[in-house]
>>> print(open('model-v6.txt').read())   # compact mmCIF, C-alpha atoms
# COMPACT_ATOMS: atom_id res chain seq x y z
CA MET A 29 -167.66 88.94 22.39
CA ASN A 30 -169.14 92.34 21.87
CA PRO A 31 -172.92 92.71 21.49
CA ALA A 32 -172.69 93.33 17.74
CA GLU A 33 -170.88 90.02 17.17
CA THR A 34 -173.36 88.18 19.36
CA ARG A 35 -176.30 89.61 17.41
CA MET A 36 -174.65 88.63 14.13
CA LEU A 37 -174.05 85.06 15.31
CA LEU A 38 -177.58 84.64 16.64
CA ALA A 39 -179.18 86.01 13.47
CA ALA A 40 -177.16 83.61 11.34
CA LEU A 41 -177.98 80.68 13.63
CA ASP A 42 -181.71 81.46 13.60
CA ALA A 43 -181.72 81.70 9.80
CA ALA A 44 -179.80 78.43 9.47
CA LEU A 45 -182.12 76.54 11.81
CA GLU A 46 -185.11 77.95 9.95
CA ARG A 47 -183.65 76.48 6.75
CA GLY A 48 -183.19 73.13 8.44
CA GLN A 49 -179.41 73.32 8.60
CA ARG A 50 -177.33 71.93 11.42
CA ALA A 51 -174.69 74.03 13.14
CA ALA A 52 -171.93 73.99 15.71
CA ILE A 53 -170.58 76.72 17.96
CA ALA A 54 -166.83 76.95 18.52
CA THR A 55 -165.85 78.75 21.73
CA VAL A 56 -162.39 79.70 22.95
CA VAL A 57 -162.15 78.21 26.45
CA ARG A 58 -158.48 78.81 27.25
CA VAL A 59 -155.67 81.04 26.01
CA ARG A 60 -152.01 80.58 26.87
CA GLY A 61 -149.57 83.28 25.85
CA SER A 62 -150.50 85.68 23.06
CA ALA A 63 -153.61 85.21 20.95
CA TYR A 64 -155.80 87.48 18.85
CA ARG A 65 -159.01 86.88 20.82
CA ARG A 66 -159.78 85.90 24.40
CA GLU A 67 -161.82 83.28 26.25
CA GLY A 68 -165.51 83.41 25.40
CA THR A 69 -165.00 84.33 21.74
CA ARG A 70 -167.45 82.34 19.62
CA MET A 71 -167.73 81.31 15.99
CA LEU A 72 -170.68 79.68 14.27
CA VAL A 73 -170.04 76.90 11.75
CA LEU A 74 -172.84 75.62 9.50
CA ASP A 75 -173.05 72.16 7.97
CA ASP A 76 -172.16 73.56 4.55
CA GLY A 77 -168.86 74.92 5.90
CA ALA A 78 -169.99 78.54 6.18
CA GLN A 79 -168.73 80.44 9.22
CA VAL A 80 -169.93 83.51 11.08
CA CYS A 81 -167.61 85.55 13.35
CA MET A 82 -163.94 84.73 13.96
CA LEU A 83 -161.82 83.16 16.69
CA SER A 84 -158.53 84.67 15.54
CA GLY A 85 -157.04 86.99 12.98
CA GLY A 86 -157.66 84.32 10.36
CA CYS A 87 -154.91 81.86 11.23
CA LEU A 88 -157.00 78.98 12.55
CA GLU A 89 -160.54 79.40 11.22
CA GLY A 90 -160.05 76.84 8.44
CA GLU A 91 -158.89 74.19 10.90
CA VAL A 92 -161.77 74.95 13.25
CA VAL A 93 -164.33 74.67 10.45
CA GLU A 94 -163.02 71.23 9.50
CA ALA A 95 -163.16 70.05 13.11
CA ALA A 96 -166.62 71.56 13.60
CA LEU A 97 -168.00 69.68 10.59
CA GLY A 98 -166.94 66.48 12.29
CA ILE A 99 -168.70 67.54 15.49
CA ILE A 100 -171.86 68.38 13.54
CA ALA A 101 -171.81 64.85 12.10
CA SER A 102 -171.03 63.05 15.38
CA GLY A 103 -172.86 65.22 17.90
CA THR A 104 -170.08 64.64 20.46
CA PRO A 105 -168.60 67.83 21.97
CA GLU A 106 -164.83 68.11 21.91
CA ILE A 107 -162.07 70.45 23.03
CA VAL A 108 -159.34 70.95 20.41
CA HIS A 109 -155.92 72.43 21.14
CA TYR A 110 -154.27 74.81 18.65
CA ASP A 111 -150.65 75.95 18.98
CA LEU A 112 -150.38 79.37 17.34
CA SER A 113 -146.61 79.48 17.74
CA GLU A 114 -146.17 76.81 15.09
CA ASP A 115 -145.97 79.02 12.00
CA ALA A 116 -145.54 76.08 9.68
CA THR A 117 -148.85 74.61 10.81
CA TRP A 118 -150.80 77.57 9.47
CA GLY A 119 -148.51 78.40 6.57
CA LEU A 120 -148.81 82.12 7.30
CA GLY A 121 -145.56 82.95 9.02
CA LEU A 122 -147.67 84.87 11.54
CA GLY A 123 -147.43 82.76 14.67
CA CYS A 124 -148.93 84.60 17.64
CA GLY A 125 -146.64 82.92 20.15
CA GLY A 126 -149.48 81.34 22.15
CA SER A 127 -152.03 78.57 22.08
CA VAL A 128 -155.79 78.26 22.42
CA ASP A 129 -158.22 75.52 23.39
CA VAL A 130 -161.50 75.59 21.48
CA ARG A 131 -164.65 73.78 22.57
CA LEU A 132 -166.77 72.55 19.66
CA GLU A 133 -170.39 71.63 20.26
CA ARG A 134 -173.30 70.95 17.95
CA VAL A 135 -176.29 73.22 18.54
CA GLU A 136 -179.13 71.16 19.98
CA ARG A 137 -182.60 72.08 21.19
CA ASP A 138 -182.13 70.88 24.77
CA PRO A 139 -183.38 73.10 27.65
CA VAL A 140 -179.94 74.41 28.66
CA THR A 141 -178.96 75.38 25.12
CA LEU A 142 -182.31 77.04 24.43
CA ALA A 143 -182.13 79.00 27.69
CA TRP A 144 -178.55 80.08 26.94
CA LEU A 145 -179.45 81.30 23.46
CA ASP A 146 -182.44 83.14 24.93
CA ALA A 147 -180.19 84.84 27.48
CA LEU A 148 -177.85 85.92 24.68
CA ARG A 149 -180.79 87.42 22.79
CA SER A 150 -182.31 89.20 25.77
CA GLY A 151 -179.04 90.45 27.22
CA ASP A 152 -179.67 88.88 30.63
CA ALA A 153 -176.67 88.20 32.85
CA ALA A 154 -175.97 84.49 32.50
CA ALA A 155 -173.16 81.97 32.88
CA LEU A 156 -172.97 78.66 31.02
CA CYS A 157 -170.68 76.25 32.89
CA VAL A 158 -169.08 73.20 31.29
CA PRO A 159 -166.38 70.97 32.82
CA ILE A 160 -163.16 70.68 30.85
CA HIS A 161 -163.14 66.96 31.68
CA GLY A 162 -166.33 65.24 32.71
CA GLY A 163 -170.02 65.48 31.96
CA GLY A 164 -172.99 67.69 32.55
CA ARG A 165 -173.43 71.44 32.30
CA PHE A 166 -175.61 74.12 33.78
CA LEU A 167 -176.84 77.65 33.15
CA LEU A 168 -176.97 80.26 35.89
CA ARG A 169 -179.19 83.14 34.79
CA GLU A 170 -180.19 86.38 36.44
CA HIS A 171 -183.51 88.01 35.61
CA PRO A 172 -183.72 91.78 36.20
CA GLY A 173 -186.74 93.42 37.71
CA HIS A 174 -187.87 90.63 40.02
CA GLY A 175 -187.35 89.73 43.64
CA GLU A 176 -186.58 91.88 46.65
CA THR A 177 -183.20 92.97 45.29
CA GLY A 178 -184.50 93.66 41.80
CA GLU A 179 -183.09 90.41 40.39
CA SER A 180 -183.96 86.74 40.58
CA GLU A 181 -181.82 83.77 39.67
CA THR A 182 -182.52 80.47 37.95
CA LEU A 183 -180.25 77.44 37.77
CA LEU A 184 -180.84 74.97 34.96
CA GLY A 185 -178.84 71.78 34.60
CA GLN A 186 -176.19 70.04 36.70
CA LEU A 187 -172.55 68.97 36.49
CA ASP A 188 -172.01 65.24 36.99
CA ASP A 189 -169.54 65.84 39.83
CA PRO A 190 -171.46 67.32 42.83
CA ALA A 191 -168.37 68.96 44.38
CA LEU A 192 -167.34 70.54 41.08
CA HIS A 193 -170.94 71.67 40.55
CA ALA A 194 -171.01 73.46 43.92
CA PHE A 195 -167.68 75.14 43.19
CA ALA A 196 -168.78 76.17 39.68
CA VAL A 197 -172.05 77.74 40.89
CA THR A 198 -170.14 79.91 43.37
CA ALA A 199 -167.50 80.78 40.78
CA ALA A 200 -170.16 81.69 38.20
CA ARG A 201 -171.94 84.02 40.63
CA ALA A 202 -168.67 85.73 41.48
CA ARG A 203 -167.74 86.17 37.83
CA LEU A 204 -171.13 87.64 36.90
CA HIS A 205 -170.73 90.34 39.53
CA THR A 206 -167.32 91.64 38.50
CA ARG A 207 -166.88 95.06 36.93
CA ASP A 208 -166.34 93.60 33.45
CA PRO A 209 -167.71 90.02 33.47
CA ARG A 210 -165.75 87.75 31.14
CA ALA A 211 -165.49 84.08 30.30
CA ALA A 212 -162.68 82.01 31.81
CA THR A 213 -161.58 78.51 32.70
CA VAL A 214 -161.19 78.24 36.47
CA ALA A 215 -159.72 75.49 38.63
CA ALA A 216 -161.44 73.98 41.66
CA PRO A 217 -159.38 73.22 44.79
CA ASP A 218 -159.07 69.58 43.73
CA GLY A 219 -157.58 70.59 40.38
CA GLN A 220 -160.66 69.96 38.22
CA GLU A 221 -161.42 72.73 35.76
CA VAL A 222 -164.65 74.25 34.52
CA PHE A 223 -165.19 76.73 31.70
CA ILE A 224 -167.53 79.57 32.60
CA ASP A 225 -168.94 81.27 29.52
CA VAL A 226 -170.44 84.64 30.38
CA ASN A 227 -173.11 86.80 28.87
CA ALA A 228 -173.03 90.21 30.52
CA PRO A 229 -175.71 92.87 30.09
CA ALA A 230 -174.53 95.78 28.00
CA PRO A 231 -172.76 98.47 30.04
CA GLU A 232 -174.85 101.55 30.67
CA LEU A 233 -173.72 105.08 29.91
CA VAL A 234 -175.67 108.09 31.18
CA ILE A 235 -174.68 111.40 29.60
CA TYR A 236 -175.84 114.49 31.47
CA GLY A 237 -176.12 117.14 28.78
CA ALA A 238 -177.13 117.02 25.12
CA GLY A 239 -174.70 119.59 23.78
CA HIS A 240 -172.80 119.31 20.51
CA ASP A 241 -169.94 117.34 22.05
CA ALA A 242 -172.35 114.78 23.52
CA ILE A 243 -173.37 113.69 20.00
CA PRO A 244 -170.15 111.83 19.07
CA LEU A 245 -169.82 110.44 22.60
CA SER A 246 -173.29 108.91 22.37
CA ALA A 247 -172.75 107.65 18.81
CA GLN A 248 -169.39 106.02 19.57
CA ALA A 249 -170.72 104.48 22.78
CA VAL A 250 -173.70 102.98 20.94
CA THR A 251 -171.30 101.47 18.41
CA LEU A 252 -169.30 99.92 21.25
CA GLY A 253 -172.42 98.28 22.65
CA TYR A 254 -173.35 100.65 25.47
CA ARG A 255 -176.95 101.28 26.45
CA VAL A 256 -176.85 105.06 26.30
CA THR A 257 -179.19 107.50 28.00
CA VAL A 258 -178.89 111.22 27.30
CA VAL A 259 -180.41 113.55 29.88
CA ASP A 260 -181.31 117.14 29.09
CA PRO A 261 -184.46 119.25 29.66
CA ARG A 262 -184.03 121.23 26.42
CA ASP A 263 -186.32 119.88 23.72
CA ALA A 264 -184.35 121.46 20.90
CA TYR A 265 -181.20 119.59 21.92
CA LEU A 266 -182.65 116.25 22.98
CA THR A 267 -183.82 114.81 19.66
CA ARG A 268 -183.70 111.37 18.04
CA GLY A 269 -181.91 112.84 15.05
CA ARG A 270 -179.03 114.01 17.23
CA PHE A 271 -178.84 110.85 19.34
CA PRO A 272 -179.83 107.77 17.30
CA GLY A 273 -179.75 104.56 19.28
CA ALA A 274 -179.84 106.30 22.66
CA ALA A 275 -182.67 106.60 25.17
CA LEU A 276 -183.71 110.21 25.71
CA SER A 277 -184.58 111.57 29.14
CA PRO A 278 -185.99 115.13 29.23
CA LEU A 279 -185.66 115.43 33.01
CA ALA A 280 -184.70 118.77 34.51
CA PRO A 281 -181.86 118.58 37.09
CA GLU A 282 -184.26 119.15 39.98
CA ASP A 283 -186.33 116.13 38.84
CA LEU A 284 -183.47 113.63 38.63
CA HIS A 285 -183.77 112.19 42.12
CA GLY A 286 -186.30 109.40 42.16
CA ASN A 287 -186.80 109.49 38.40
CA LEU A 288 -183.41 108.49 36.98
CA VAL A 289 -181.79 105.43 38.56
CA LEU A 290 -178.08 104.77 38.05
CA THR A 291 -177.15 101.15 38.71
CA PRO A 292 -173.83 99.45 39.54
CA ARG A 293 -173.51 98.89 35.77
CA THR A 294 -173.84 102.60 34.97
CA GLN A 295 -171.02 104.90 34.00
CA ALA A 296 -172.02 108.57 34.11
CA ILE A 297 -170.51 111.50 32.26
CA ILE A 298 -171.42 115.06 33.31
CA MET A 299 -171.08 117.54 30.44
CA ASN A 300 -173.86 120.12 30.65
CA HIS A 301 -171.44 123.07 30.24
CA HIS A 302 -173.59 124.81 32.83
CA LEU A 303 -172.42 125.21 36.41
CA ASP A 304 -175.82 124.96 38.07
CA ARG A 305 -176.94 121.95 36.08
CA ASP A 306 -173.57 120.26 36.50
CA ARG A 307 -173.69 120.82 40.26
CA VAL A 308 -177.09 119.19 40.62
CA CYS A 309 -176.17 116.34 38.26
CA LEU A 310 -172.96 115.70 40.17
CA TRP A 311 -174.87 115.42 43.44
CA HIS A 312 -177.36 113.06 41.81
CA ALA A 313 -174.57 110.84 40.48
CA LEU A 314 -172.68 110.88 43.80
CA ASN A 315 -175.80 109.61 45.56
CA SER A 316 -176.35 106.80 43.08
CA ALA A 317 -174.85 103.33 42.66
CA ALA A 318 -172.84 104.38 39.59
CA PRO A 319 -169.21 103.29 40.16
CA PHE A 320 -167.74 105.67 37.55
CA ILE A 321 -168.57 109.39 37.39
CA GLY A 322 -166.74 111.41 34.77
CA MET A 323 -166.56 115.21 34.85
CA LEU A 324 -165.76 117.04 31.63
CA GLY A 325 -163.59 120.12 31.99
CA PRO A 326 -160.59 121.21 34.10
CA ARG A 327 -160.04 120.01 37.64
CA SER A 328 -160.58 123.54 38.94
CA ARG A 329 -164.16 123.39 37.68
CA TYR A 330 -164.76 120.18 39.62
CA HIS A 331 -163.47 121.85 42.80
CA GLN A 332 -165.77 124.78 42.10
CA LEU A 333 -168.74 122.41 41.94
CA THR A 334 -167.87 120.53 45.14
CA ASP A 335 -167.28 123.81 46.96
CA ALA A 336 -170.72 125.02 45.84
CA LEU A 337 -172.30 121.80 47.09
CA ALA A 338 -170.56 122.19 50.44
CA GLN A 339 -171.90 125.74 50.76
CA GLU A 340 -175.39 124.25 50.40
CA GLY A 341 -174.62 121.82 53.20
CA LEU A 342 -174.20 118.90 50.79
CA HIS A 343 -170.98 117.13 51.77
CA ALA A 344 -169.89 114.08 49.79
CA THR A 345 -168.00 111.33 51.55
CA PRO A 346 -164.44 110.36 50.52
CA GLU A 347 -165.86 107.11 49.16
CA GLN A 348 -168.31 109.00 46.96
CA LEU A 349 -165.65 111.39 45.67
CA ALA A 350 -163.28 108.51 44.90
CA ARG A 351 -165.67 107.46 42.11
CA VAL A 352 -165.25 110.80 40.31
CA HIS A 353 -162.81 111.01 37.39
CA SER A 354 -161.88 114.64 36.77
CA PRO A 355 -160.91 115.58 34.18
CA VAL A 356 -162.44 112.58 32.46
CA GLY A 357 -160.63 111.00 29.52
CA LEU A 358 -157.19 109.77 28.55
CA SER A 359 -154.44 112.26 27.76
CA VAL A 360 -154.25 111.84 23.98
CA GLY A 361 -154.23 115.49 22.93
CA ALA A 362 -157.94 115.46 22.08
CA GLU A 363 -159.43 118.72 20.80
CA ALA A 364 -162.40 118.12 18.47
CA PRO A 365 -165.61 116.68 19.98
CA GLU A 366 -165.03 113.36 18.21
CA GLU A 367 -161.54 113.19 19.68
CA VAL A 368 -162.79 114.04 23.16
CA ALA A 369 -165.36 111.25 22.86
CA LEU A 370 -162.60 108.82 21.91
CA SER A 371 -160.56 109.95 24.91
CA ILE A 372 -163.49 109.46 27.30
CA LEU A 373 -164.43 106.03 25.95
CA GLY A 374 -160.79 104.99 26.07
CA GLU A 375 -160.71 105.71 29.79
CA LEU A 376 -164.03 103.92 30.31
CA MET A 377 -162.69 100.79 28.60
CA ALA A 378 -159.45 100.92 30.59
CA TRP A 379 -161.39 101.36 33.83
CA ARG A 380 -163.78 98.49 33.09
CA ARG A 381 -160.98 96.10 32.19
CA GLY A 382 -158.45 97.10 34.80
CA ALA A 383 -155.97 98.44 32.26
CA ALA A 384 -153.54 101.29 32.82
CA GLY A 385 -154.49 103.12 29.62
CA GLN A 386 -150.86 103.50 28.57
CA PRO A 387 -149.09 102.91 25.23
CA LEU A 388 -148.19 99.30 24.47
CA ASN A 389 -144.95 100.40 22.81
CA GLY A 390 -142.04 98.48 24.31
CA HIS A 391 -144.22 96.03 26.23
CA GLU A 392 -142.73 92.54 26.37
CA GLY A 393 -144.93 89.48 26.69
CA PRO A 394 -148.59 88.72 26.02
CA ILE A 395 -150.56 91.89 25.33
CA HIS A 396 -153.72 90.89 27.15
CA HIS A 397 -151.77 90.02 30.29
CA THR A 398 -151.14 93.72 30.83
CA TYR A 399 -154.61 93.90 32.37
CA ALA A 400 -155.95 90.36 32.70
CA ALA A 401 -153.94 89.42 35.80
CA ARG A 402 -154.72 92.71 37.49
CA ARG A 403 -158.44 92.31 36.76
CA GLU A 404 -158.46 88.79 38.18
CA LEU A 405 -156.75 89.91 41.40
CA GLU A 406 -158.90 93.00 41.95
CA GLN A 407 -162.29 91.70 40.90
CA ASP A 408 -162.37 87.91 41.01
CA PRO A 409 -161.58 86.65 44.51
CA GLU A 410 -161.17 82.92 44.54
CA PRO A 411 -164.62 81.36 45.09
CA GLN A 412 -165.12 78.81 47.83
CA PRO A 413 -167.23 75.68 47.41
CA GLY A 414 -170.72 75.75 48.81
>>> encode(input="model-v6.txt", output="structure tokens")
Amino acid sequence: MNPAETRMLLAALDAALERGQRAAIATVVRVRGSAYRREGTRMLVLDDGAQVCMLSGGCLEGEVVEAALGIIASGTPEIVHYDLSEDATWGLGLGCGGSVDVRLERVERDPVTLAWLDALRSGDAAALCVPIHGGGRFLLREHPGHGETGESETLLGQLDDPALHAFAVTAARARLHTRDPRAATVAAPDGQEVFIDVNAPAPELVIYGAGHDAIPLSAQAVTLGYRVTVVDPRDAYLTRGRFPGAALSPLAPEDLHGNLVLTPRTQAIIMNHHLDRDRVCLWHALNSAAPFIGMLGPRSRYHQLTDALAQEGLHATPEQLARVHSPVGLSVGAEAPEEVALSILGELMAWRRGAAGQPLNGHEGPIHHTYAARRELEQDPEPQPG
């Protein structure tokens, strides 16, 4: 789920609990074939039948609400299977050709649930692990800003099966540290399965340069849930009115080192439209942990910048240069600043999710499988127990 949906669900849940209502959360735990949403999508159902957020394009919400009302009454969690290829079942003639498994659970005030909801609110990296068959559950949560590595970890709860628990802890850690952490049902070596629901911190976008074309890039990125920081030493350009929702950093290029930290979750876009500033910003980004560095402008300009750095004795390694995307953006014929922003964010999404960024026209088979399998192979090595 995107951050906006999560905020909407949490606000509705808090209001309902304040009114004394009971509620259940429906979560997609498995998708086979084509479906509108993916694993980890959540919907809130209140005891009066009201719903917040959606699990599909509208074809199964009514059925899920009915099932959730039963779970609210009984308090017993359940996984329900829905076959979306059976058009007659939904009466819509819009079968998606796939199926989904949905876990329904009443919202309780137990320690694991409360800690999970708190992680969703705070944006901490966290994984809630529940066996598909069997009892128990646990929450693995990372807390930024503590410990020798800048993060600390807490583990709350336990699966009933010790071997499955050990496997799930390792799998949860691996999933939290992928490029684009997402929920999934994974199988242990003995065939048992566990659903790992994931809350990932918002991706970070650092924009070097507060020019006119940075405005729509920042605005669109904020809408998509990015934590945006705009860096520019010019007071007249770097204003809250131009960049609502973004953090503003008035650092001059020569002050970047030691004062602006790019993390492994940061994607950086260099668009100062000034050769000297772009050169210094590029060197700063190359010497950071940012895995994606986008350069606006033609490839020849990028070569001009790297040549200038080399003349200063600043030589980037092949590994550093491999993180640079120049020119940044997808080839969609973008011209206006708003279109360029769309092109850039399109490439960022494709990069994060392991997609090719190509048209879907003519593609046969499940749409999401065009990137899901590739992402699993590249980013999610099979965890080992222990």
>>> residues_around(input="model-v6.txt", residues="segment 68-78 of chain A", least_positions_apart="5", cutoff="7 Å", atoms="all atoms listed in the file", output="PyMOL selection string")
chain A and resi 29+37+49-57+83+93+96-97+100+211+225
>>> closest_residue(input="model-v6.txt", among="A:Val352, A:Ile297, A:Ala249, A:Ala200", to="Ala153 of chain A", atoms="all atoms listed in the file")
A:Ala200
>>> closest_residue(input="model-v6.txt", among="A:Leu358, A:Leu303, A:Ile99, A:Val197", to="Thr334 of chain A", atoms="only C-alpha atoms")
A:Leu303
>>> closest_residue(input="model-v6.txt", among="A:Arg270, A:Thr257, A:Thr104, A:Asp306", to="Gln332 of chain A", atoms="only C-alpha atoms")
A:Asp306
>>> residues_around(input="model-v6.txt", residues="segment 186-190 of chain A", least_positions_apart="5", cutoff="10 Å", atoms="all atoms listed in the file", output="list in words")
Val140, Cys157, Val158, Pro159, Gly162, Gly163, Gly164, Arg165, Phe166, Leu167, Phe195, Ala196, Val197, Gln220 and Val222 of chain A
>>> residues_around(input="model-v6.txt", residues="His240 of chain A", least_positions_apart="3", cutoff="9 Å", atoms="all atoms listed in the file", output="number ranges by chain")
A: 243-244, 265, 270, 365
>>> axis_aligned_box(input="model-v6.txt", around="segment 236-242 of chain A", padding_each_side="5 Å", output="AutoDock Vina command-line options")
--center_x -173.5 --center_y 117.0 --center_z 26.0 --size_x 17.2 --size_y 15.1 --size_z 21.0
>>> closest_residue(input="model-v6.txt", among="A:Val368, A:Asp152, A:Ala313, A:Val356", to="Glu181 of chain A", atoms="only C-alpha atoms")
A:Asp152
>>> residues_around(input="model-v6.txt", residues="Met377 of chain A", least_positions_apart="4", cutoff="12 Å", atoms="only C-alpha atoms", output="PDB file with C-alpha atoms, in the coordinates of the input")
ATOM      1  CA  ARG A 207    -166.880  95.060  36.930  1.00  0.00           C
ATOM      2  CA  ASP A 208    -166.340  93.600  33.450  1.00  0.00           C
ATOM      3  CA  PRO A 231    -172.760  98.470  30.040  1.00  0.00           C
ATOM      4  CA  LEU A 233    -173.720 105.080  29.910  1.00  0.00           C
ATOM      5  CA  ALA A 249    -170.720 104.480  22.780  1.00  0.00           C
ATOM      6  CA  LEU A 252    -169.300  99.920  21.250  1.00  0.00           C
ATOM      7  CA  GLY A 253    -172.420  98.280  22.650  1.00  0.00           C
ATOM      8  CA  TYR A 254    -173.350 100.650  25.470  1.00  0.00           C
ATOM      9  CA  GLN A 295    -171.020 104.900  34.000  1.00  0.00           C
ATOM     10  CA  PHE A 320    -167.740 105.670  37.550  1.00  0.00           C
ATOM     11  CA  GLY A 357    -160.630 111.000  29.520  1.00  0.00           C
ATOM     12  CA  LEU A 358    -157.190 109.770  28.550  1.00  0.00           C
ATOM     13  CA  LEU A 370    -162.600 108.820  21.910  1.00  0.00           C
ATOM     14  CA  SER A 371    -160.560 109.950  24.910  1.00  0.00           C
ATOM     15  CA  ILE A 372    -163.490 109.460  27.300  1.00  0.00           C
ATOM     16  CA  LEU A 373    -164.430 106.030  25.950  1.00  0.00           C
ATOM     17  CA  ARG A 381    -160.980  96.100  32.190  1.00  0.00           C
ATOM     18  CA  GLY A 382    -158.450  97.100  34.800  1.00  0.00           C
ATOM     19  CA  ALA A 383    -155.970  98.440  32.260  1.00  0.00           C
ATOM     20  CA  ALA A 384    -153.540 101.290  32.820  1.00  0.00           C
ATOM     21  CA  GLY A 385    -154.490 103.120  29.620  1.00  0.00           C
ATOM     22  CA  TYR A 399    -154.610  93.900  32.370  1.00  0.00           C
TER      23      TYR A 399
END
>>> closest_residue(input="model-v6.txt", among="A:Val308, A:Ala264, A:Ala101, A:Leu245", to="Glu282 of chain A", atoms="only C-alpha atoms")
A:Val308
>>> closest_residue(input="model-v6.txt", among="A:Arg351, A:Glu366, A:Leu148, A:His161", to="Ser246 of chain A", atoms="all atoms listed in the file")
A:Glu366
>>> residues_around(input="model-v6.txt", residues="Leu310 of chain A", least_positions_apart="4", cutoff="9 Å", atoms="only C-alpha atoms", output="list in words")
Ile298, Arg305, Asp306, Leu314, Asn315, Ile321, Met323, Leu333 and Thr334 of chain A
>>> atom_distance(input="model-v6.txt", atom1="atom CA of Gly322 of chain A", atom2="atom CA of Val258 of chain A")
14.3 Å
>>> decode(input="model-v6.txt", residues="segment 240-288 of chain A", atoms="C-alpha atoms", output="tab-separated table (two decimals), in the first residue's frame")
chain	number	residue	atom	x	y	z
A	240	HIS	CA	11.40	25.97	-12.18
A	241	ASP	CA	11.48	22.37	-13.40
A	242	ALA	CA	12.20	21.08	-9.89
A	243	ILE	CA	8.78	22.32	-8.72
A	244	PRO	CA	6.62	19.69	-10.48
A	245	LEU	CA	9.18	16.96	-9.74
A	246	SER	CA	8.98	17.71	-6.03
A	247	ALA	CA	5.18	18.03	-6.07
A	248	GLN	CA	4.62	14.77	-7.96
A	249	ALA	CA	7.12	12.93	-5.77
A	250	VAL	CA	5.39	14.14	-2.59
A	251	THR	CA	2.08	12.88	-3.99
A	252	LEU	CA	3.67	9.48	-4.62
A	253	GLY	CA	4.81	9.26	-1.01
A	254	TYR	CA	8.47	10.28	-1.30
A	255	ARG	CA	10.24	12.17	1.45
A	256	VAL	CA	11.60	14.98	-0.68
A	257	THR	CA	14.52	17.26	0.11
A	258	VAL	CA	15.33	20.17	-2.21
A	259	VAL	CA	18.85	21.56	-1.99
A	260	ASP	CA	19.74	25.03	-3.23
A	261	PRO	CA	21.66	27.97	-1.67
A	262	ARG	CA	19.46	30.61	-3.35
A	263	ASP	CA	16.90	31.95	-0.90
A	264	ALA	CA	14.65	33.33	-3.62
A	265	TYR	CA	14.25	29.88	-5.17
A	266	LEU	CA	14.13	27.70	-2.08
A	267	THR	CA	10.77	28.67	-0.57
A	268	ARG	CA	7.92	26.76	1.06
A	269	GLY	CA	5.50	28.21	-1.45
A	270	ARG	CA	7.43	26.66	-4.34
A	271	PHE	CA	8.01	23.31	-2.64
A	272	PRO	CA	5.13	22.41	-0.31
A	273	GLY	CA	5.60	19.14	1.51
A	274	ALA	CA	9.36	19.02	0.90
A	275	ALA	CA	12.23	19.61	3.29
A	276	LEU	CA	14.35	22.59	2.27
A	277	SER	CA	18.13	22.56	2.52
A	278	PRO	CA	19.89	25.88	1.79
A	279	LEU	CA	23.35	24.30	1.64
A	280	ALA	CA	25.87	25.64	-0.85
A	281	PRO	CA	27.60	22.93	-2.94
A	282	GLU	CA	30.86	23.33	-1.02
A	283	ASP	CA	28.99	22.65	2.26
A	284	LEU	CA	27.29	19.41	1.19
A	285	HIS	CA	29.91	17.00	2.47
A	286	GLY	CA	29.27	16.21	6.11
A	287	ASN	CA	26.01	18.16	6.20
A	288	LEU	CA	23.74	16.28	3.78
